[in-house]
Structure formats: structure tokens, C-alpha cells
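Asks: Sharing a structure, written as C-alpha cells. Questions coming.
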Amino acid sequence: MILTRFAAAGLALSLMCGGSALAQAKNEVSIYQSKPVDLTPVDSQANLVEELIVNARLPGPAWWKVTDGDTTVYVMGIPAFTPDKLDFDDSVLRRRLNGANVLIIGQQPEVRILSLLALIPGRGKQFMTGQPMRETLPPDLRARLEKQLKARGKRADEFDKFKPALAGFIVANSRGGDGVSITVGKFTDRFRDLAKSKDIAVQPRVKKLDDYDLIGMVKSLAEAPQPLQELCLDAGLKQAENGLATVRETAEQWAEGQVREVVSAERGYQRCLASTPWIARQFKDGQDDAVGAITSALKKPGKSVAVIELRSLLTQGGVLDRLRAKGFTVTAPE
């Protein structure tokens, strides 16, 4: 688990914003400017395949199986965000890693330090607004924001210069002080280390799929229309209102294989990201990579293991849904 903290006060390091990736993001989100805005943004990860949402009976987290003749890929779904420390029964994981052909590690959030500095208050220039932000908000959303600021000892106008999406990001990822804190699940490091440890008699090859740039995704929201800006502020406030206790509770439920409870938990700022077309496309790219890697693994007799973000795994049109459409047999947790 990685917890990265940066203090906004006293930072002297400046960042040159730009680059082809960000330019592409701005071009793609500019579609909002030329089309009517749908007041109910589409959440690309909202709808799940209900028959695959089954709580596990085996010890530890839940597993799904994808089979094709004499080949099986065991797939574990993991939360996108987790608390600092979490133990879970890894006996099934160890047994399945032993003798596996390959361990596939799916798309994960990537946080780059210099990019994070660009979003600290006073540096996210693309998120600056001329009109005080609170004056643009519905009364209930404004009241919730002001309540959060008061609880943190901040002035009510703390974020008035920022667009709502950035305010939601900061509220969701700060812990009471001036710092911005990003907590990213790093169970994948544990899986990789275990696969290469002496505890595994026949070690699998490790295939790590490309990560997505969480900060680049947030930057792409700069030109989003007001309804999506407000959705992102609402999502950030919900993440803050639930607090770390909910993150830990959800992670503990995951560790016990309680799939239904995990997927019904509040998703926080992740809901904002999945409701944005350019960002949803990045998630889909990760699903494409996972489907391709698992399909390739199914060509070699024996077994393999895959670790994929849980919601990406279970979404309609997600990894398991698409593998099933390709003709493979997908089995829910036993």
C-alpha cells in the first residue's frame, strides 16, 4: 500500500503542464462544448452482471474461473482503493500460483508526483474559474461543501476559485490538513512478490498490464460541463462523508469474499471518473488488455492466475462478460 502526502504550503517546485496526452484529453472532452449536455451522465461502470455477483465459500477473497478445454484461468477481483494495512487468507492464492503458467496483473491507478503538484490549490490553472464556484452550485450541494470545509477548519470560500470537479478531488483526497493524499491499492505488489517467493515451488511468469494515469484523468475534467462538474463534487463529498472507515470496512468484506457487499459500497470519486467519456475509454482500454491477456493464457494447457480490478471484472461489457461472449466458460465463485 502506498500513501503519498504532499503539503501545499511552502512548495517551490513548479510544473510545466501540457504534453500530447493532455492535449488529446482536452480535444476529446471539448465535445461537451458542441453538444447538448445530458443532465444524467452515463456511468460506464454502473451496471453489473448480476449472476456473477456471488459471495465466496472458499477462504479469502472471491475467485472466478474462465475455462476452455484443458485450460483454466483463475481470476481474483480486487478493490481499486484499500487502507494501509489489510490481512487476508492467501492459502487459495498460493495454491493456484504454484505451477501456474502466468500471473496476469491488471490495470491499476498510477499517480505521478509532478502531476499531483499541478493539482494542488494554486497550481491547477486549468481548473480556475472567474465566478465564485459556490454561487454556481445547487443549494444542497453548496451546503454539503461548506459543512465539509467547516469540519476541516477551512473558510467557506476556500475553493471559490476552483471548478467543482477539482474541489471534489481535493475534498475526497485530503485528510484534514493542507496536503493532498492519494491512497492506491498495492495488493498487486504482494501478489508479484508471492509469485516470485521461495514458497512457490513452480513459479509463474508475471505479466503486468499498463496502468492508467489517475491525475491525467482528473485533468481531463477541466473542460467538463457544469452537470458533470457537480457530479464530481458530489462524488468527492460522498467519499469524504463516508471516510476511511468505509474503505476499510469494504476491504475487510473483500478479504472475506463478500462480493455483494463490496460492489454495493459507495464508490466516491471513482464514480465521477467512470461517468466521463474520455476516462471511461481508458478503463475500457484496460479491459481490452485484460481480455487479450486472459485469452492468450487460455491457449496454453494448464492453469494461470489473473488479478483484475473488481468492478472492471463484473461490469456489463467488462472482462468476464466479454470472455463469456467469446465462448469461454465463466464460473462464479464456489
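Residue numbering restarts at 1 in every chain; chains get A, B, ... in the order shown in the C-alpha cells, and ligands count up from 1 in that same order.
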Listing only residues of region 193-248 of chain A within 9 Å of region 289-308 of chain A, what is the closest atom pair and its distance in Å (to one decimal) for each, using only C-alpha atoms, sorted by chain and residue number ascending, as a Markdown table?

Replies:
```
| residue | atom | partner | partner_atom | distance |
| --- | --- | --- | --- | --- |
| A:Pro204 | CA | A:Ser304 | CA | 7.9 |
| A:Lys207 | CA | A:Ala293 | CA | 8.5 |
| A:Leu209 | CA | A:Asp289 | CA | 6.9 |
| A:Asp210 | CA | A:Asp289 | CA | 8.1 |
```

Asks: Which residues of region 204-241 of chain A come within 8 Å of region 164-170 of chain A, and what is each one's closest atom pair and distance in Å (one decimal), counting only C-alpha atoms, sorted by chain and residue number, as JSON lines?

Replies:
```
{"residue": "A:Val218", "atom": "CA", "partner": "A:Leu166", "partner_atom": "CA", "distance": 7.6}
{"residue": "A:Leu221", "atom": "CA", "partner": "A:Ala165", "partner_atom": "CA", "distance": 6.8}
{"residue": "A:Ala222", "atom": "CA", "partner": "A:Ala165", "partner_atom": "CA", "distance": 7.5}
{"residue": "A:Leu228", "atom": "CA", "partner": "A:Ala165", "partner_atom": "CA", "distance": 7.8}
{"residue": "A:Gln229", "atom": "CA", "partner": "A:Ala165", "partner_atom": "CA", "distance": 4.7}
{"residue": "A:Glu230", "atom": "CA", "partner": "A:Pro164", "partner_atom": "CA", "distance": 5.9}
{"residue": "A:Leu231", "atom": "CA", "partner": "A:Ala165", "partner_atom": "CA", "distance": 7.8}
{"residue": "A:Cys232", "atom": "CA", "partner": "A:Ala165", "partner_atom": "CA", "distance": 5.0}
{"residue": "A:Leu233", "atom": "CA", "partner": "A:Gly168", "partner_atom": "CA", "distance": 3.9}
{"residue": "A:Asp234", "atom": "CA", "partner": "A:Gly168", "partner_atom": "CA", "distance": 6.9}
{"residue": "A:Ala235", "atom": "CA", "partner": "A:Gly168", "partner_atom": "CA", "distance": 6.8}
{"residue": "A:Gly236", "atom": "CA", "partner": "A:Gly168", "partner_atom": "CA", "distance": 4.2}
{"residue": "A:Leu237", "atom": "CA", "partner": "A:Gly168", "partner_atom": "CA", "distance": 6.3}
```

Asks: Mind checking which residues fall within 10 Å of Leu314 (chain A), counting only C-alpha atoms, ignoring those fewer than 5 positions away in the same chain, and posting them as a ChimeraX atom specification?

Replies: /A:45,47-53,77,263,308-309,319-321

Asks: What residues in region 109-281 of chain A get the DSSP label alpha helix (DSSP H)? Please answer as a PyMOL selection string.

Replies: chain A and resi 113-118+139-151+164-172+187-195+214-219+226-255+259-263+269-274+277-281

Asks: Please, could you write that set of residues out with C-alpha atoms as a PDB file, in the first residue's frame?

Replies:
```pdb
ATOM      1  CA  ILE A 113       4.389  13.096  -8.263  1.00  0.00           C
ATOM      2  CA  LEU A 114       4.922  16.066 -10.565  1.00  0.00           C
ATOM      3  CA  SER A 115       1.409  15.784 -11.977  1.00  0.00           C
ATOM      4  CA  LEU A 116      -0.028  15.706  -8.472  1.00  0.00           C
ATOM      5  CA  LEU A 117       1.687  19.007  -7.699  1.00  0.00           C
ATOM      6  CA  ALA A 118      -0.157  20.579 -10.627  1.00  0.00           C
ATOM      7  CA  PRO A 139     -28.231  24.856  -2.514  1.00  0.00           C
ATOM      8  CA  ASP A 140     -27.917  21.308  -1.154  1.00  0.00           C
ATOM      9  CA  LEU A 141     -24.543  20.705  -2.794  1.00  0.00           C
ATOM     10  CA  ARG A 142     -23.250  24.061  -1.590  1.00  0.00           C
ATOM     11  CA  ALA A 143     -24.400  23.294   1.961  1.00  0.00           C
ATOM     12  CA  ARG A 144     -22.599  19.936   1.972  1.00  0.00           C
ATOM     13  CA  LEU A 145     -19.385  21.515   0.691  1.00  0.00           C
ATOM     14  CA  GLU A 146     -19.491  24.263   3.314  1.00  0.00           C
ATOM     15  CA  LYS A 147     -20.145  21.673   6.035  1.00  0.00           C
ATOM     16  CA  GLN A 148     -17.044  19.730   4.988  1.00  0.00           C
ATOM     17  CA  LEU A 149     -14.919  22.875   4.910  1.00  0.00           C
ATOM     18  CA  LYS A 150     -16.125  23.942   8.352  1.00  0.00           C
ATOM     19  CA  ALA A 151     -15.348  20.489   9.778  1.00  0.00           C
ATOM     20  CA  PRO A 164     -16.336  21.857  -8.780  1.00  0.00           C
ATOM     21  CA  ALA A 165     -14.523  18.791 -10.192  1.00  0.00           C
ATOM     22  CA  LEU A 166     -11.195  19.846  -8.668  1.00  0.00           C
ATOM     23  CA  ALA A 167     -12.879  20.757  -5.382  1.00  0.00           C
ATOM     24  CA  GLY A 168     -14.375  17.260  -5.304  1.00  0.00           C
ATOM     25  CA  PHE A 169     -10.966  15.691  -5.973  1.00  0.00           C
ATOM     26  CA  ILE A 170      -9.301  17.667  -3.163  1.00  0.00           C
ATOM     27  CA  VAL A 171     -12.110  17.005  -0.675  1.00  0.00           C
ATOM     28  CA  ALA A 172     -12.005  13.278  -1.442  1.00  0.00           C
ATOM     29  CA  PHE A 187      -2.055  -5.696  -3.321  1.00  0.00           C
ATOM     30  CA  THR A 188      -0.526  -6.359  -6.717  1.00  0.00           C
ATOM     31  CA  ASP A 189       2.954  -5.910  -5.218  1.00  0.00           C
ATOM     32  CA  ARG A 190       2.119  -8.609  -2.705  1.00  0.00           C
ATOM     33  CA  PHE A 191       0.909 -10.922  -5.464  1.00  0.00           C
ATOM     34  CA  ARG A 192       4.042 -10.333  -7.529  1.00  0.00           C
ATOM     35  CA  ASP A 193       6.320 -10.897  -4.531  1.00  0.00           C
ATOM     36  CA  LEU A 194       4.482 -14.067  -3.578  1.00  0.00           C
ATOM     37  CA  ALA A 195       4.688 -15.412  -7.140  1.00  0.00           C
ATOM     38  CA  LEU A 214      -5.275   8.905 -12.308  1.00  0.00           C
ATOM     39  CA  ILE A 215      -4.048  12.514 -12.285  1.00  0.00           C
ATOM     40  CA  GLY A 216      -4.222  12.750 -16.074  1.00  0.00           C
ATOM     41  CA  MET A 217      -7.826  11.616 -15.794  1.00  0.00           C
ATOM     42  CA  VAL A 218      -8.615  14.337 -13.268  1.00  0.00           C
ATOM     43  CA  LYS A 219      -7.009  16.948 -15.533  1.00  0.00           C
ATOM     44  CA  GLN A 226     -21.401  22.078 -15.206  1.00  0.00           C
ATOM     45  CA  PRO A 227     -23.608  18.983 -14.633  1.00  0.00           C
ATOM     46  CA  LEU A 228     -20.576  16.707 -14.730  1.00  0.00           C
ATOM     47  CA  GLN A 229     -18.584  19.168 -12.590  1.00  0.00           C
ATOM     48  CA  GLU A 230     -21.330  18.948  -9.968  1.00  0.00           C
ATOM     49  CA  LEU A 231     -21.468  15.160 -10.192  1.00  0.00           C
ATOM     50  CA  CYS A 232     -17.726  15.058  -9.459  1.00  0.00           C
ATOM     51  CA  LEU A 233     -18.091  17.378  -6.477  1.00  0.00           C
ATOM     52  CA  ASP A 234     -20.949  15.235  -5.171  1.00  0.00           C
ATOM     53  CA  ALA A 235     -18.828  12.076  -5.623  1.00  0.00           C
ATOM     54  CA  GLY A 236     -15.890  13.645  -3.795  1.00  0.00           C
ATOM     55  CA  LEU A 237     -18.109  14.794  -0.934  1.00  0.00           C
ATOM     56  CA  LYS A 238     -19.594  11.306  -0.597  1.00  0.00           C
ATOM     57  CA  GLN A 239     -16.103   9.839  -0.385  1.00  0.00           C
ATOM     58  CA  ALA A 240     -15.207  12.318   2.359  1.00  0.00           C
ATOM     59  CA  GLU A 241     -18.502  11.838   4.183  1.00  0.00           C
ATOM     60  CA  ASN A 242     -18.050   8.063   4.263  1.00  0.00           C
ATOM     61  CA  GLY A 243     -14.461   8.355   5.416  1.00  0.00           C
ATOM     62  CA  LEU A 244     -11.654   5.817   5.662  1.00  0.00           C
ATOM     63  CA  ALA A 245     -13.760   3.573   7.910  1.00  0.00           C
ATOM     64  CA  THR A 246     -15.929   2.693   4.933  1.00  0.00           C
ATOM     65  CA  VAL A 247     -12.853   1.989   2.772  1.00  0.00           C
ATOM     66  CA  ARG A 248     -11.527  -0.337   5.456  1.00  0.00           C
ATOM     67  CA  GLU A 249     -14.884  -1.993   6.022  1.00  0.00           C
ATOM     68  CA  THR A 250     -15.273  -2.637   2.292  1.00  0.00           C
ATOM     69  CA  ALA A 251     -11.726  -4.024   2.073  1.00  0.00           C
ATOM     70  CA  GLU A 252     -12.376  -6.355   5.003  1.00  0.00           C
ATOM     71  CA  GLN A 253     -15.534  -7.576   3.297  1.00  0.00           C
ATOM     72  CA  TRP A 254     -13.483  -8.213   0.153  1.00  0.00           C
ATOM     73  CA  ALA A 255     -10.954 -10.211   2.191  1.00  0.00           C
ATOM     74  CA  VAL A 259     -18.700  -9.748  -3.211  1.00  0.00           C
ATOM     75  CA  ARG A 260     -22.264  -8.437  -2.948  1.00  0.00           C
ATOM     76  CA  GLU A 261     -21.374  -6.098  -0.112  1.00  0.00           C
ATOM     77  CA  VAL A 262     -18.234  -4.805  -1.827  1.00  0.00           C
ATOM     78  CA  VAL A 263     -19.871  -3.895  -5.141  1.00  0.00           C
ATOM     79  CA  TYR A 269     -14.661   9.905  -6.834  1.00  0.00           C
ATOM     80  CA  GLN A 270     -14.318   6.777  -8.939  1.00  0.00           C
ATOM     81  CA  ARG A 271     -17.970   7.272  -9.948  1.00  0.00           C
ATOM     82  CA  CYS A 272     -17.046  10.686 -11.349  1.00  0.00           C
ATOM     83  CA  LEU A 273     -14.216   9.230 -13.414  1.00  0.00           C
ATOM     84  CA  ALA A 274     -16.352   6.422 -14.822  1.00  0.00           C
ATOM     85  CA  PRO A 277     -16.331   9.613 -21.800  1.00  0.00           C
ATOM     86  CA  TRP A 278     -12.574  10.120 -22.240  1.00  0.00           C
ATOM     87  CA  ILE A 279     -11.865   8.498 -18.872  1.00  0.00           C
ATOM     88  CA  ALA A 280     -14.297   5.642 -19.470  1.00  0.00           C
ATOM     89  CA  ARG A 281     -12.324   4.944 -22.634  1.00  0.00           C
TER      90      ARG A 281
END
```
